[in-house]
Structure formats: C-alpha cells, structure tokens
$ cat start.cif   # mmCIF, C-alpha atoms
data_target
loop_
_atom_site.label_atom_id
_atom_site.label_comp_id
_atom_site.auth_asym_id
_atom_site.auth_seq_id
_atom_site.Cartn_x
_atom_site.Cartn_y
_atom_site.Cartn_z
CA MET K 1 -17.71 -45.61 31.61
CA PRO K 2 -17.76 -46.11 27.81
CA THR K 3 -20.65 -43.66 27.41
CA GLU K 4 -18.77 -40.98 29.30
CA THR K 5 -15.64 -41.64 27.24
CA ALA K 6 -17.62 -41.29 24.02
CA CYS K 7 -19.15 -38.04 25.27
CA ASP K 8 -15.72 -36.69 26.15
CA ARG K 9 -14.42 -37.63 22.72
CA ARG K 10 -17.29 -35.86 21.02
CA ARG K 11 -16.72 -32.80 23.19
CA LEU K 12 -13.04 -32.74 22.28
CA THR K 13 -13.82 -33.20 18.59
CA ARG K 14 -16.26 -30.31 18.75
CA ALA K 15 -13.69 -28.21 20.59
CA ARG K 16 -11.08 -29.05 17.94
CA TRP K 17 -13.22 -27.80 15.07
CA SER K 18 -14.32 -24.81 17.11
CA VAL K 19 -10.76 -23.66 17.74
CA ALA K 20 -9.97 -24.38 14.07
CA ALA K 21 -12.73 -21.94 13.14
CA VAL K 22 -11.19 -19.40 15.51
CA PHE K 23 -7.84 -19.78 13.73
CA CYS K 24 -9.61 -19.24 10.42
CA VAL K 25 -11.26 -16.03 11.66
CA HIS K 26 -7.93 -14.77 13.01
CA GLY K 27 -6.24 -15.37 9.68
CA ALA K 28 -9.07 -13.70 7.77
CA VAL K 29 -8.45 -10.44 9.63
CA THR K 30 -4.79 -10.49 8.58
CA GLY K 31 -5.66 -11.27 4.96
CA SER K 32 -8.28 -8.51 4.87
CA PHE K 33 -5.75 -5.97 6.12
CA ALA K 34 -2.81 -7.04 3.96
CA THR K 35 -4.59 -6.65 0.64
CA ARG K 36 -5.57 -3.03 1.39
CA ILE K 37 -2.15 -1.82 2.51
CA PRO K 38 -1.61 0.13 -0.76
CA TRP K 39 -4.96 1.92 -0.24
CA ILE K 40 -4.09 2.68 3.39
CA GLN K 41 -0.66 3.97 2.30
CA ASP K 42 -2.23 6.37 -0.19
CA HIS K 43 -4.95 7.49 2.22
CA ALA K 44 -2.41 8.31 4.95
CA SER K 45 -0.01 9.87 2.37
CA VAL K 46 3.06 7.95 3.58
CA GLY K 47 6.15 6.86 1.67
CA ALA K 48 7.79 3.45 1.69
CA GLY K 49 10.01 4.27 4.65
CA GLN K 50 7.14 5.63 6.74
CA LEU K 51 4.98 2.66 5.81
CA GLY K 52 7.75 0.31 6.90
CA LEU K 53 7.96 2.12 10.24
CA ALA K 54 4.19 1.93 10.71
CA LEU K 55 4.14 -1.78 9.86
CA ALA K 56 6.53 -2.43 12.74
CA PHE K 57 3.94 -1.19 15.24
CA PRO K 58 1.69 -4.29 15.13
CA ALA K 59 4.65 -6.38 16.29
CA VAL K 60 5.53 -3.82 18.97
CA GLY K 61 1.96 -3.79 20.25
CA ALA K 62 1.74 -7.58 20.24
CA SER K 63 5.03 -8.07 22.06
CA LEU K 64 3.98 -5.69 24.83
CA ALA K 65 0.43 -7.03 25.17
CA MET K 66 1.01 -10.79 24.84
CA PRO K 67 1.91 -11.34 28.54
CA LEU K 68 -1.47 -9.84 29.47
CA ALA K 69 -3.33 -12.60 27.62
CA GLY K 70 -2.24 -15.18 30.18
CA ALA K 71 -3.53 -13.08 33.04
CA VAL K 72 -6.85 -12.47 31.27
CA SER K 73 -7.33 -16.17 30.55
CA HIS K 74 -6.32 -17.06 34.09
CA ARG K 75 -8.82 -14.63 35.60
CA TYR K 76 -11.85 -15.03 33.33
CA GLY K 77 -11.41 -18.51 31.92
CA ALA K 78 -10.16 -19.46 28.47
CA ARG K 79 -13.49 -19.35 26.67
CA THR K 80 -14.56 -15.94 27.95
CA ALA K 81 -11.07 -14.53 27.44
CA LEU K 82 -10.86 -15.81 23.87
CA ARG K 83 -14.31 -14.48 23.08
CA GLY K 84 -13.37 -11.00 24.29
CA LEU K 85 -9.84 -10.89 22.88
CA LEU K 86 -10.84 -12.24 19.47
CA SER K 87 -13.64 -9.65 19.26
CA LEU K 88 -11.19 -6.85 20.04
CA TRP K 89 -8.94 -8.17 17.26
CA THR K 90 -11.67 -8.37 14.64
CA LEU K 91 -13.01 -4.92 15.57
CA SER K 92 -9.52 -3.38 15.41
CA LEU K 93 -9.46 -4.11 11.67
CA VAL K 94 -11.36 -0.87 11.03
CA LEU K 95 -8.70 1.36 12.64
CA PRO K 96 -5.80 1.46 10.09
CA ALA K 97 -8.00 2.56 7.18
CA LEU K 98 -9.29 5.49 9.25
CA ALA K 99 -5.78 6.89 9.88
CA PRO K 100 -5.26 10.27 8.12
CA ASP K 101 -1.48 10.44 8.64
CA VAL K 102 1.53 8.39 9.68
CA TYR K 103 1.14 9.14 13.40
CA ALA K 104 -2.47 7.98 13.51
CA LEU K 105 -1.52 4.96 11.39
CA CYS K 106 1.21 3.94 13.86
CA ALA K 107 -1.22 4.27 16.77
CA ALA K 108 -3.91 2.28 14.94
CA LEU K 109 -1.46 -0.48 14.04
CA PHE K 110 -0.19 -0.62 17.62
CA VAL K 111 -3.73 -1.40 18.83
CA TYR K 112 -4.24 -3.77 15.91
CA GLY K 113 -1.09 -5.69 16.86
CA ALA K 114 -1.80 -5.73 20.60
CA THR K 115 -5.22 -7.32 20.12
CA ALA K 116 -3.77 -9.72 17.53
CA GLY K 117 -1.07 -10.93 19.91
CA MET K 118 -3.36 -11.45 22.89
CA SER K 119 -5.98 -13.36 20.91
CA ASP K 120 -3.21 -15.41 19.29
CA VAL K 121 -1.89 -16.54 22.67
CA ALA K 122 -5.37 -17.47 23.88
CA MET K 123 -6.33 -19.52 20.81
CA ASN K 124 -2.99 -21.33 20.66
CA ALA K 125 -3.24 -22.29 24.33
CA LEU K 126 -6.61 -23.90 23.63
CA GLY K 127 -5.31 -25.60 20.50
CA VAL K 128 -2.40 -27.17 22.38
CA GLU K 129 -4.70 -28.31 25.19
CA VAL K 130 -7.03 -30.04 22.72
CA GLU K 131 -4.02 -31.64 21.02
CA ASN K 132 -2.75 -32.99 24.34
CA ARG K 133 -6.12 -34.43 25.31
CA LEU K 134 -6.62 -36.06 21.90
CA ASP K 135 -3.09 -37.54 22.07
CA ARG K 136 -2.43 -36.71 18.43
CA SER K 137 -1.09 -33.77 16.49
CA ILE K 138 -3.56 -31.15 15.28
CA MET K 139 -1.48 -27.96 15.43
CA SER K 140 -0.27 -28.19 11.84
CA GLY K 141 -3.88 -28.38 10.70
CA LEU K 142 -4.72 -25.37 12.86
CA HIS K 143 -1.88 -23.45 11.19
CA GLY K 144 -3.37 -24.45 7.88
CA MET K 145 -6.77 -23.14 8.96
CA TRP K 146 -5.17 -19.80 9.83
CA SER K 147 -3.67 -19.66 6.35
CA ALA K 148 -7.00 -20.65 4.83
CA GLY K 149 -8.61 -17.78 6.70
CA ALA K 150 -5.92 -15.42 5.45
CA LEU K 151 -6.66 -16.66 1.94
CA LEU K 152 -10.39 -15.99 2.33
CA GLY K 153 -9.74 -12.53 3.75
CA SER K 154 -7.26 -11.64 1.03
CA ALA K 155 -9.57 -12.98 -1.68
CA ALA K 156 -12.35 -10.69 -0.45
CA GLY K 157 -9.82 -7.85 -0.27
CA THR K 158 -8.74 -8.53 -3.84
CA VAL K 159 -12.32 -8.22 -5.04
CA ALA K 160 -12.79 -5.02 -3.03
CA ALA K 161 -9.58 -3.52 -4.41
CA HIS K 162 -10.50 -4.51 -7.98
CA LEU K 163 -13.88 -2.80 -7.59
CA GLY K 164 -12.23 0.30 -6.12
CA THR K 165 -14.14 -0.04 -2.83
CA ASP K 166 -13.14 2.36 -0.08
CA ALA K 167 -11.12 0.34 2.45
CA ARG K 168 -12.99 2.00 5.31
CA LEU K 169 -16.25 0.50 4.10
CA HIS K 170 -14.62 -2.82 3.20
CA HIS K 171 -13.03 -3.21 6.63
CA LEU K 172 -16.16 -2.11 8.47
CA LEU K 173 -18.18 -4.85 6.77
CA ALA K 174 -15.41 -7.44 7.18
CA SER K 175 -15.05 -6.57 10.85
CA ALA K 176 -18.78 -7.03 11.49
CA VAL K 177 -18.89 -10.41 9.72
CA LEU K 178 -15.71 -11.72 11.37
CA THR K 179 -16.74 -10.57 14.84
CA ALA K 180 -20.01 -12.49 14.53
CA ALA K 181 -18.21 -15.56 13.18
CA GLY K 182 -15.63 -15.42 15.97
CA LEU K 183 -18.25 -15.19 18.70
CA LEU K 184 -20.06 -18.18 17.21
CA ALA K 185 -16.86 -20.24 16.96
CA CYS K 186 -15.87 -19.50 20.57
CA GLN K 187 -19.12 -21.02 21.80
CA TRP K 188 -17.73 -24.58 21.75
CA VAL K 189 -14.06 -24.18 22.72
CA LEU K 190 -12.90 -25.77 25.97
CA ASP K 191 -13.70 -23.63 29.00
CA LEU K 192 -10.43 -23.95 30.90
CA ARG K 193 -9.76 -22.31 34.24
CA GLY K 194 -6.53 -21.55 36.07
CA SER K 195 -5.98 -22.36 39.73
CA ALA K 196 -6.50 -19.39 42.02
CA GLY K 197 -2.99 -19.46 43.44
CA GLU K 198 -1.17 -19.80 40.09
CA LYS K 199 0.40 -17.03 38.06
CA PRO K 200 0.61 -17.25 34.27
CA PRO K 201 4.19 -17.83 33.03
CA ARG K 202 5.98 -14.95 31.38
CA PHE K 203 7.67 -14.88 28.02
CA ALA K 204 11.13 -16.48 28.26
CA LEU K 205 14.52 -15.55 26.90
CA PRO K 206 15.92 -18.16 24.52
CA PRO K 207 18.27 -20.82 25.95
CA LYS K 208 21.43 -21.58 24.00
CA SER K 209 19.97 -24.79 22.58
CA ALA K 210 17.19 -22.81 20.91
CA VAL K 211 19.29 -20.10 19.27
CA VAL K 212 20.31 -22.03 16.16
CA ILE K 213 16.83 -23.50 15.72
CA GLY K 214 15.40 -20.02 16.19
CA ALA K 215 17.67 -18.71 13.45
CA ILE K 216 15.94 -21.04 10.97
CA GLY K 217 12.59 -19.78 12.15
CA PHE K 218 13.88 -16.22 11.83
CA CYS K 219 14.69 -16.74 8.14
CA GLY K 220 11.33 -18.32 7.39
CA VAL K 221 9.29 -15.70 9.26
CA PHE K 222 11.21 -12.83 7.67
CA ALA K 223 10.51 -14.12 4.17
CA GLU K 224 6.87 -14.80 5.03
CA GLY K 225 6.25 -11.44 6.69
CA ALA K 226 8.01 -9.44 3.99
CA SER K 227 6.02 -11.17 1.26
CA LEU K 228 2.66 -10.88 3.00
CA ASP K 229 3.05 -7.20 3.84
CA TRP K 230 4.91 -5.98 0.76
CA SER K 231 3.89 -8.16 -2.19
CA ALA K 232 0.98 -5.90 -3.18
CA VAL K 233 3.10 -2.76 -2.83
CA TYR K 234 5.94 -4.41 -4.79
CA LEU K 235 3.74 -5.25 -7.75
CA ARG K 236 2.18 -1.80 -7.81
CA ASP K 237 5.31 0.33 -7.31
CA ALA K 238 8.06 -1.80 -8.87
CA LEU K 239 6.13 -3.33 -11.75
CA GLY K 240 3.25 -0.93 -12.32
CA ALA K 241 0.46 -3.43 -11.62
CA SER K 242 -3.13 -2.32 -11.06
CA ALA K 243 -4.58 -2.21 -7.55
CA GLY K 244 -6.63 -5.35 -8.15
CA LEU K 245 -3.70 -7.34 -9.56
CA ALA K 246 -1.42 -6.15 -6.77
CA ALA K 247 -3.90 -7.31 -4.15
CA ALA K 248 -4.19 -10.64 -5.97
CA SER K 249 -0.49 -11.28 -5.30
CA THR K 250 -1.24 -11.37 -1.58
CA THR K 251 -4.05 -13.82 -2.27
CA ALA K 252 -1.71 -16.07 -4.28
CA PHE K 253 0.82 -15.99 -1.47
CA ALA K 254 -1.83 -16.88 1.12
CA LEU K 255 -3.07 -19.71 -1.12
CA THR K 256 0.31 -21.41 -1.35
CA MET K 257 0.84 -21.03 2.40
CA ALA K 258 -2.56 -22.58 3.17
CA VAL K 259 -2.11 -25.54 0.82
CA ALA K 260 1.42 -26.27 2.03
CA ARG K 261 0.49 -26.11 5.71
CA LEU K 262 -2.57 -28.30 5.32
CA ALA K 263 -0.44 -30.91 3.52
CA GLY K 264 2.66 -30.33 5.65
CA ASP K 265 2.32 -33.28 8.03
CA ARG K 266 2.14 -35.83 5.22
CA VAL K 267 5.12 -34.33 3.42
CA VAL K 268 7.27 -34.32 6.56
CA ASP K 269 6.23 -37.90 7.40
CA ARG K 270 7.39 -39.04 3.98
CA PHE K 271 10.57 -37.01 3.45
CA GLY K 272 11.60 -35.95 6.96
CA PRO K 273 11.96 -32.43 8.36
CA VAL K 274 15.49 -31.76 7.10
CA ARG K 275 14.82 -32.66 3.49
CA THR K 276 11.46 -30.88 3.55
CA VAL K 277 12.94 -27.60 4.79
CA ARG K 278 15.98 -27.89 2.55
CA VAL K 279 13.87 -28.35 -0.58
CA GLY K 280 11.56 -25.61 0.68
CA GLY K 281 14.56 -23.32 1.09
CA VAL K 282 15.62 -23.98 -2.49
CA LEU K 283 12.10 -23.23 -3.68
CA ALA K 284 11.86 -20.03 -1.59
CA THR K 285 15.27 -18.86 -2.80
CA ALA K 286 14.27 -19.48 -6.42
CA GLY K 287 11.07 -17.56 -5.75
CA GLY K 288 13.03 -14.64 -4.35
CA VAL K 289 15.27 -14.56 -7.41
CA LEU K 290 12.19 -14.62 -9.62
CA VAL K 291 10.67 -11.68 -7.72
CA VAL K 292 13.87 -9.64 -7.99
CA LEU K 293 14.34 -10.33 -11.70
CA ALA K 294 10.67 -10.32 -12.69
CA PRO K 295 10.01 -8.26 -15.83
CA HIS K 296 6.24 -8.61 -15.46
CA PRO K 297 3.76 -8.79 -12.53
CA ALA K 298 2.82 -12.40 -13.38
CA ALA K 299 6.40 -13.55 -12.88
CA ALA K 300 6.62 -11.74 -9.54
CA MET K 301 3.34 -13.33 -8.41
CA ALA K 302 4.78 -16.75 -9.25
CA GLY K 303 7.87 -15.85 -7.26
CA PHE K 304 5.83 -14.85 -4.20
CA GLY K 305 3.93 -18.12 -4.51
CA CYS K 306 7.20 -20.07 -4.48
CA ILE K 307 8.33 -18.18 -1.38
CA GLY K 308 5.09 -19.03 0.39
CA LEU K 309 5.29 -22.69 -0.59
CA GLY K 310 8.93 -22.90 0.49
CA VAL K 311 8.64 -21.36 3.96
CA ALA K 312 5.19 -22.69 4.96
CA VAL K 313 6.30 -25.52 7.25
CA VAL K 314 9.44 -23.90 8.63
CA VAL K 315 7.93 -22.41 11.78
CA PRO K 316 5.96 -25.52 12.86
CA LEU K 317 9.06 -27.67 12.40
CA ALA K 318 11.22 -25.15 14.28
CA PHE K 319 8.87 -25.36 17.25
CA ALA K 320 8.79 -29.15 17.06
CA ALA K 321 12.60 -29.26 17.08
CA ALA K 322 12.71 -26.81 20.00
CA GLY K 323 10.34 -29.04 21.96
CA ARG K 324 12.90 -31.85 21.72
CA SER K 325 15.99 -29.80 22.56
CA GLY K 326 17.40 -29.08 26.00
CA THR K 327 15.97 -30.17 29.32
CA ASN K 328 12.96 -27.84 29.31
CA PRO K 329 10.87 -28.15 26.12
CA SER K 330 8.52 -25.30 27.02
CA LEU K 331 11.44 -22.94 27.68
CA SER K 332 13.07 -23.89 24.37
CA ILE K 333 9.83 -23.29 22.49
CA ALA K 334 9.40 -19.92 24.18
CA GLY K 335 12.98 -19.08 23.21
CA VAL K 336 12.36 -19.92 19.55
CA ALA K 337 9.18 -17.87 19.77
CA THR K 338 11.22 -14.89 20.98
CA ILE K 339 13.62 -15.14 18.04
CA THR K 340 10.98 -15.70 15.39
CA TYR K 341 8.82 -12.93 16.77
CA THR K 342 11.81 -10.58 16.58
CA SER K 343 11.95 -11.46 12.90
CA GLY K 344 8.33 -10.41 12.53
CA LEU K 345 9.20 -7.15 14.25
CA ILE K 346 12.15 -6.46 11.97
CA ALA K 347 10.85 -7.61 8.58
CA PRO K 348 8.27 -4.92 7.69
CA SER K 349 10.41 -1.98 8.77
CA ALA K 350 13.60 -3.46 7.28
CA ILE K 351 11.96 -3.91 3.89
CA GLY K 352 10.58 -0.37 4.02
CA GLY K 353 13.84 1.16 5.24
CA ILE K 354 15.95 -0.53 2.56
CA ALA K 355 13.37 0.39 -0.08
CA ASP K 356 13.47 4.01 1.04
CA LEU K 357 17.27 4.10 0.74
CA THR K 358 17.53 2.02 -2.44
CA SER K 359 14.52 0.19 -3.93
CA LEU K 360 12.02 -2.56 -3.23
CA VAL K 361 13.97 -4.79 -5.60
CA VAL K 362 17.03 -4.54 -3.35
CA SER K 363 14.83 -5.21 -0.30
CA PHE K 364 13.70 -8.51 -1.74
CA GLY K 365 17.29 -9.36 -2.53
CA LEU K 366 17.70 -9.53 1.28
CA VAL K 367 14.66 -11.81 1.49
CA THR K 368 16.29 -14.09 -1.08
CA VAL K 369 19.53 -14.27 0.90
CA LEU K 370 17.68 -15.17 4.10
CA ALA K 371 15.64 -17.81 2.26
CA SER K 372 18.89 -19.45 1.20
CA GLY K 373 19.74 -19.76 4.89
CA LEU K 374 17.04 -22.42 5.15
CA VAL K 375 19.03 -24.62 2.77
CA LEU K 376 22.20 -24.25 4.81
CA GLY K 377 20.65 -24.58 8.27
CA ALA K 378 17.96 -27.24 7.75
CA GLY K 379 20.08 -29.87 9.49
CA VAL K 380 19.32 -28.41 12.93
CA LEU K 381 15.72 -29.57 12.54
CA ARG K 382 16.72 -33.23 12.44
CA GLY K 383 14.44 -35.25 14.68
CA SER K 384 11.57 -32.76 14.59
CA GLY K 385 9.33 -34.91 12.42
CA ARG K 386 6.38 -36.91 13.65
CA GLY K 387 8.38 -40.06 13.90
CA ALA K 388 10.67 -38.44 16.41
CA ALA K 389 7.68 -37.37 18.39
CA THR K 390 6.28 -40.86 18.77
CA GLY K 391 6.85 -42.53 22.07
CA ALA K 392 7.14 -46.20 22.91
CA SER K 393 3.39 -46.56 22.88
CA GLY K 394 3.25 -45.31 19.32
CA VAL K 395 1.20 -42.28 20.31
CA PRO K 396 2.63 -38.99 19.05
CA ALA K 397 3.90 -36.92 21.93
CA SER K 398 2.93 -33.29 22.01
CA PRO K 399 5.94 -31.00 21.53
CA VAL K 400 4.91 -28.93 24.54
CA ALA K 401 3.57 -29.64 27.96
CA PRO K 402 -0.13 -29.14 28.67
CA GLY K 403 -0.88 -25.50 29.15
CA SER K 404 2.14 -24.21 27.29
CA LEU K 405 1.99 -22.60 23.89
CA GLY K 406 3.54 -23.97 20.76
CA ALA K 407 3.69 -22.36 17.41
CA ALA K 408 1.68 -19.39 16.63
CA GLY K 409 -1.37 -19.37 14.45
CA GLY K 410 0.26 -19.59 11.42
CA GLN K 411 2.50 -18.46 10.93
CA ARG K 412 4.12 -15.36 10.63
CA PRO K 413 4.40 -13.10 13.49
CA ALA K 414 4.15 -10.39 11.06
CA PRO K 415 0.89 -8.63 11.71
CA GLY K 416 -1.11 -11.17 13.45
CA LYS K 417 0.48 -14.30 14.28
CA ALA K 418 2.85 -14.28 17.29
CA PRO K 419 3.63 -17.25 19.45
CA GLY K 420 4.29 -17.08 23.16
CA THR K 421 3.82 -18.85 26.42
CA ALA K 422 0.34 -19.57 27.70
CA PRO K 423 -1.21 -19.84 31.16
CA ASP K 424 -1.23 -23.16 32.93
CA LEU K 425 -4.92 -23.83 32.38
CA ARG K 426 -6.92 -26.76 33.65
CA ALA K 427 -10.47 -27.81 32.95
#
$ encode --input "start.cif" --output "structure tokens"
Amino acid sequence: MPTETACDRRRLTRARWSVAAVFCVHGAVTGSFATRIPWIQDHASVGAGQLGLALAFPAVGASLAMPLAGAVSHRYGARTALRGLLSLWTLSLVLPALAPDVYALCAALFVYGATAGMSDVAMNALGVEVENRLDRSIMSGLHGMWSAGALLGSAAGTVAAHLGTDARLHHLLASAVLTAAGLLACQWVLDLRGSAGEKPPRFALPPKSAVVIGAIGFCGVFAEGASLDWSAVYLRDALGASAGLAAASTTAFALTMAVARLAGDRVVDRFGPVRTVRVGGVLATAGGVLVVLAPHPAAAMAGFGCIGLGVAVVVPLAFAAAGRSGTNPSLSIAGVATITYTSGLIAPSAIGGIADLTSLVVSFGLVTVLASGLVLGAGVLRGSGRGAATGASGVPASPVAPGSLGAAGGQRPAPGKAPGTAPDLRA
C-alpha cells in the first residue's frame, strides 16, 4: 500500500540519519584521542619508539575482537549490539590518559582498539543495510560523517590542549558527552536480527584479485594513519610548536579529510576514480614533501592538510573496485579490508620505530614514498566509480551484498576505523 511504502521510506530515512550520527560519534572519539597523544606520551614518560609500539595496540585489539562483533549482533540484534559496543568504545576513551607507564598504555590502547573495532563492524553493517534498502549510495556520506566527528573531537581537543587542560579530565568529560550522544543516536537505527541457525561470517583472507587493489588502499591508509597519529607529535618535536598549535595540526588534517569525503561522490562522478586518485596521489605526495622540508609549523600543517585531501577517497574507491572484481564481491572486499587494516596496524609503530632509529622527518619521507604509489597504481581502480555501479535499471548497485560490510567508518584503520565482514542480518 502507498501509505505503508511511505512509512517504510520515512523509517529508512530516519535510520540513515541515525547511523550517520553514530558514525559522527565514533569519529569524535578518535579525534579526541589523537589531539592529546603528546600529553599522554609525556604523562606515561615514553619515547618515540615506545609510543609507536603502544599505538600499534589499538589495531591489534581491533583485529582480535572484530570477529566477535558479528556474534554479538547475531545474538542480541543489531540495535542492542550497537548500543552496547558503541558505549564501550566511548567509555574506553578515558583509559589511555590514565596510563602511568608504557605497559599500562599498551593495555589501555588494546582495550580502546578492541571496542573501536567491534563498534565499527556493527555500525558499518547497519549502514550497508540501509544503503541496500534505499537502493542508492550513502556510504561515502557516512565516511564523511565519521571524518566530521573526528574534526569535532579534534577541535575540542585543540582547545583543551591550548588551555593546558589535563587530558584525564578532558577525556572524562568527552566520554560522558559522547556516550550519551551515542545512546541517543542508536535509538532509531534498524533493529536487525540474524536467523537462529546462521553463524556470522569470519574475516577472509584476500583473493588474488584483491591484492593489487588492496595495495592502493594500503598506501592511502598508511599515509592517513601516520598523519592522524603523528602530526601533533611531529610539529612539537621536529618543529618546536606549542601544544595547542601541535594539536591544531590534527584538527586541520581531520578538516580536509571530512570536506573531501563529503564531496567525494561528486568529484568521482565528474572525473572518474582513476583520475581522482591519481590527482589525489600527486597532492598527497606534494604534502609529504612539504612536511619533510617544512621550516616552520605552518608549512607542515599545510602539508598534512594536503595529505588528508589527497588520500580521503582512496579507501572508499578501493572497496568499490573490490566489489566489482572476482566472482565473490564480499570476499574481495573482505580481502581488501585485510590488507588495508594491516596498513593501519603497521603505520603507527613503523613511524615510531623509524623515528627512534633516525628522526620523524625520515619517517615522513616513507609516507611520501607510499603516497606516490597512489599515482602509479590508480589505474587498478578503473570502473569503481558510480557509473560502473549503475545497473541496467539506472539504480546504483551496492558494492556489497546485503549483510556484508563495506568500507570502514572512515577511514583509517588506524585507531578506530577498521573494516571487516558483518553478520548476515535480516529485519
């Protein structure tokens, strides 16, 4: 009946904006944490190498905990699972700032990453389900909402750092606000349930067709994760910037990522995925060179902004290309997720390890080299644009099957944004 169809449409629209708010909350936690990394480093009395090791633990925790998210959603329903997992993620924000040494910091970041990964899987599963039911793409906008949340969180963190606020107090207040906002947002997401006899799919190894595509995602995620985690430390240690200005670099990076992702669909529609990523690779490479050669914090901030602008759409386009490669789109997407998530695991510790042996400047030389790989490898994304996704009916086809998980919330799998497979959920 027309009335029922209109009601369903309104319910889906409400669910779309609800899950968008969830993405925003998730990103805000990451932004809140990233801006206070220098404070946490000083409080725990750790060097660059130890900090790099500790920053690998969120990815380790997420990779081990992500398969559990499917089972939780399958057992309790998507809405209840998301409500609980997102609350655990927002509450875990308080842990890193409480760590008195490197061992406690590693443990805190492990929990932080585990809750981030599980909530990420749950919210992406709901986002993909809404996209499939609406028969039009919304995932790029959801990625943009994650980046917008990261921007809001990092902006608040910049103010807190500028005022010299203790990160323990800052994160306690941020955690309380974001937990309340997350619970409110979850109220209107779709309440999907798995069949009693079904088991949630596990994370998949990458098929051969996804390896090259995954390599492009690897380069983009590495540059994104390194910049998000280390930009504030770079400005403070390499260029002598104040705590407030150093934190502002993270905010500038988050800003460029948010703007680029929100506008990404229109850019790709006009110029195509290959040209978009190739130009983005040039921009990210130029940004890396500017960071390495920067004589002043302002120049480095501009460089980090260019990196963010250049890599913003790489991961969504990598997942779109994976969804159109091979005979099993979901398996290809899961394979690309494996490769890109490995990049998120490697990036923080690699930057810290190289910095410990040489300098942060040399570390970002590696970021620049990887960014240039986007220019060389962009051709593998041919056909991943929206036009390629449009079927004979003219309706954009979703890059993944209902119930499977596409790209992660945003973006980097560096602390807080890891893609994976989702349970086969049905309303």
$ residues_around --input "start.cif" --residues "K:Val130" --least-positions-apart "4" --cutoff "9 Å" --atoms "only C-alpha atoms" --output "list in words"
Leu12, Thr13, Ala15, Arg16, Val19, Ala125, Leu126, Leu134, Asp135, Ile138 and Leu190 of chain K
$ atom_distance --input "start.cif" --atom1 "atom CA of K:Thr368" --atom2 "atom CA of K:Ala247"
21.5 Å
$ residues_around --input "start.cif" --residues "K:Leu357" --least-positions-apart "4" --cutoff "10 Å" --atoms "only C-alpha atoms" --output "PyMOL selection string"
chain K and resi 48-49+352-353+362-363
$ atom_distance --input "start.cif" --atom1 "atom CA of K:Phe110" --atom2 "atom CA of K:Ser227"
20.4 Å
$ resolve_selection --input "start.cif" --expression "the PyMOL selection byres ((chain K and resi 69) around 8)" --output "list in words"
Ala65, Met66, Pro67, Leu68, Gly70, Ala71, Val72, Ser73, Ala81, Met118, Ser119, Val121, Ala122 and Ala422 of chain K
$ resolve_selection --input "start.cif" --expression "the PyMOL selection byres ((chain K and resi 242) around 12)" --output "list in words"
Pro38, Trp39, Thr158, Ala161, His162, Leu163, Gly164, Ala232, Val233, Tyr234, Leu235, Arg236, Asp237, Ala238, Leu239, Gly240, Ala241, Ala243, Gly244, Leu245, Ala246, Ala247, Ala248, Ser249, Pro297 and Ala298 of chain K
$ atom_distance --input "start.cif" --atom1 "atom CA of K:Met139" --atom2 "atom CA of K:Phe57"
27.3 Å
$ decode --input "start.cif" --residues "stretch 86-97 of chain K" --atoms "N, CA and C atoms" --output "mmCIF file, in the first residue's frame"
data_model
loop_
_atom_site.group_PDB
_atom_site.id
_atom_site.type_symbol
_atom_site.label_atom_id
_atom_site.label_comp_id
_atom_site.auth_asym_id
_atom_site.auth_seq_id
_atom_site.Cartn_x
_atom_site.Cartn_y
_atom_site.Cartn_z
ATOM 1 N N LEU K 86 29.076 0.551 21.051
ATOM 2 C CA LEU K 86 29.451 1.956 20.912
ATOM 3 C C LEU K 86 29.701 2.593 22.284
ATOM 4 N N SER K 87 28.904 2.194 23.282
ATOM 5 C CA SER K 87 29.112 2.725 24.636
ATOM 6 C C SER K 87 30.455 2.278 25.197
ATOM 7 N N LEU K 88 30.819 1.029 24.966
ATOM 8 C CA LEU K 88 32.135 0.551 25.413
ATOM 9 C C LEU K 88 33.254 1.344 24.756
ATOM 10 N N TRP K 89 33.072 1.689 23.490
ATOM 11 C CA TRP K 89 34.085 2.449 22.745
ATOM 12 C C TRP K 89 34.221 3.865 23.293
ATOM 13 N N THR K 90 33.087 4.539 23.508
ATOM 14 C CA THR K 90 33.166 5.904 24.018
ATOM 15 C C THR K 90 33.721 5.941 25.445
ATOM 16 N N LEU K 91 33.374 4.950 26.254
ATOM 17 C CA LEU K 91 33.879 4.912 27.630
ATOM 18 C C LEU K 91 35.365 4.568 27.683
ATOM 19 N N SER K 92 35.846 3.814 26.695
ATOM 20 C CA SER K 92 37.266 3.427 26.692
ATOM 21 C C SER K 92 38.179 4.616 26.432
ATOM 22 N N LEU K 93 37.629 5.738 25.994
ATOM 23 C CA LEU K 93 38.439 6.926 25.732
ATOM 24 C C LEU K 93 39.194 7.379 26.977
ATOM 25 N N VAL K 94 38.653 7.116 28.151
ATOM 26 C CA VAL K 94 39.292 7.608 29.383
ATOM 27 C C VAL K 94 40.551 6.808 29.739
ATOM 28 N N LEU K 95 40.715 5.606 29.188
ATOM 29 C CA LEU K 95 41.780 4.713 29.660
ATOM 30 C C LEU K 95 43.199 5.176 29.318
ATOM 31 N N PRO K 96 43.512 5.556 28.045
ATOM 32 C CA PRO K 96 44.910 5.885 27.730
ATOM 33 C C PRO K 96 45.505 7.002 28.589
ATOM 34 N N ALA K 97 44.718 8.028 28.888
ATOM 35 C CA ALA K 97 45.246 9.151 29.669
ATOM 36 C C ALA K 97 45.531 8.768 31.121
#
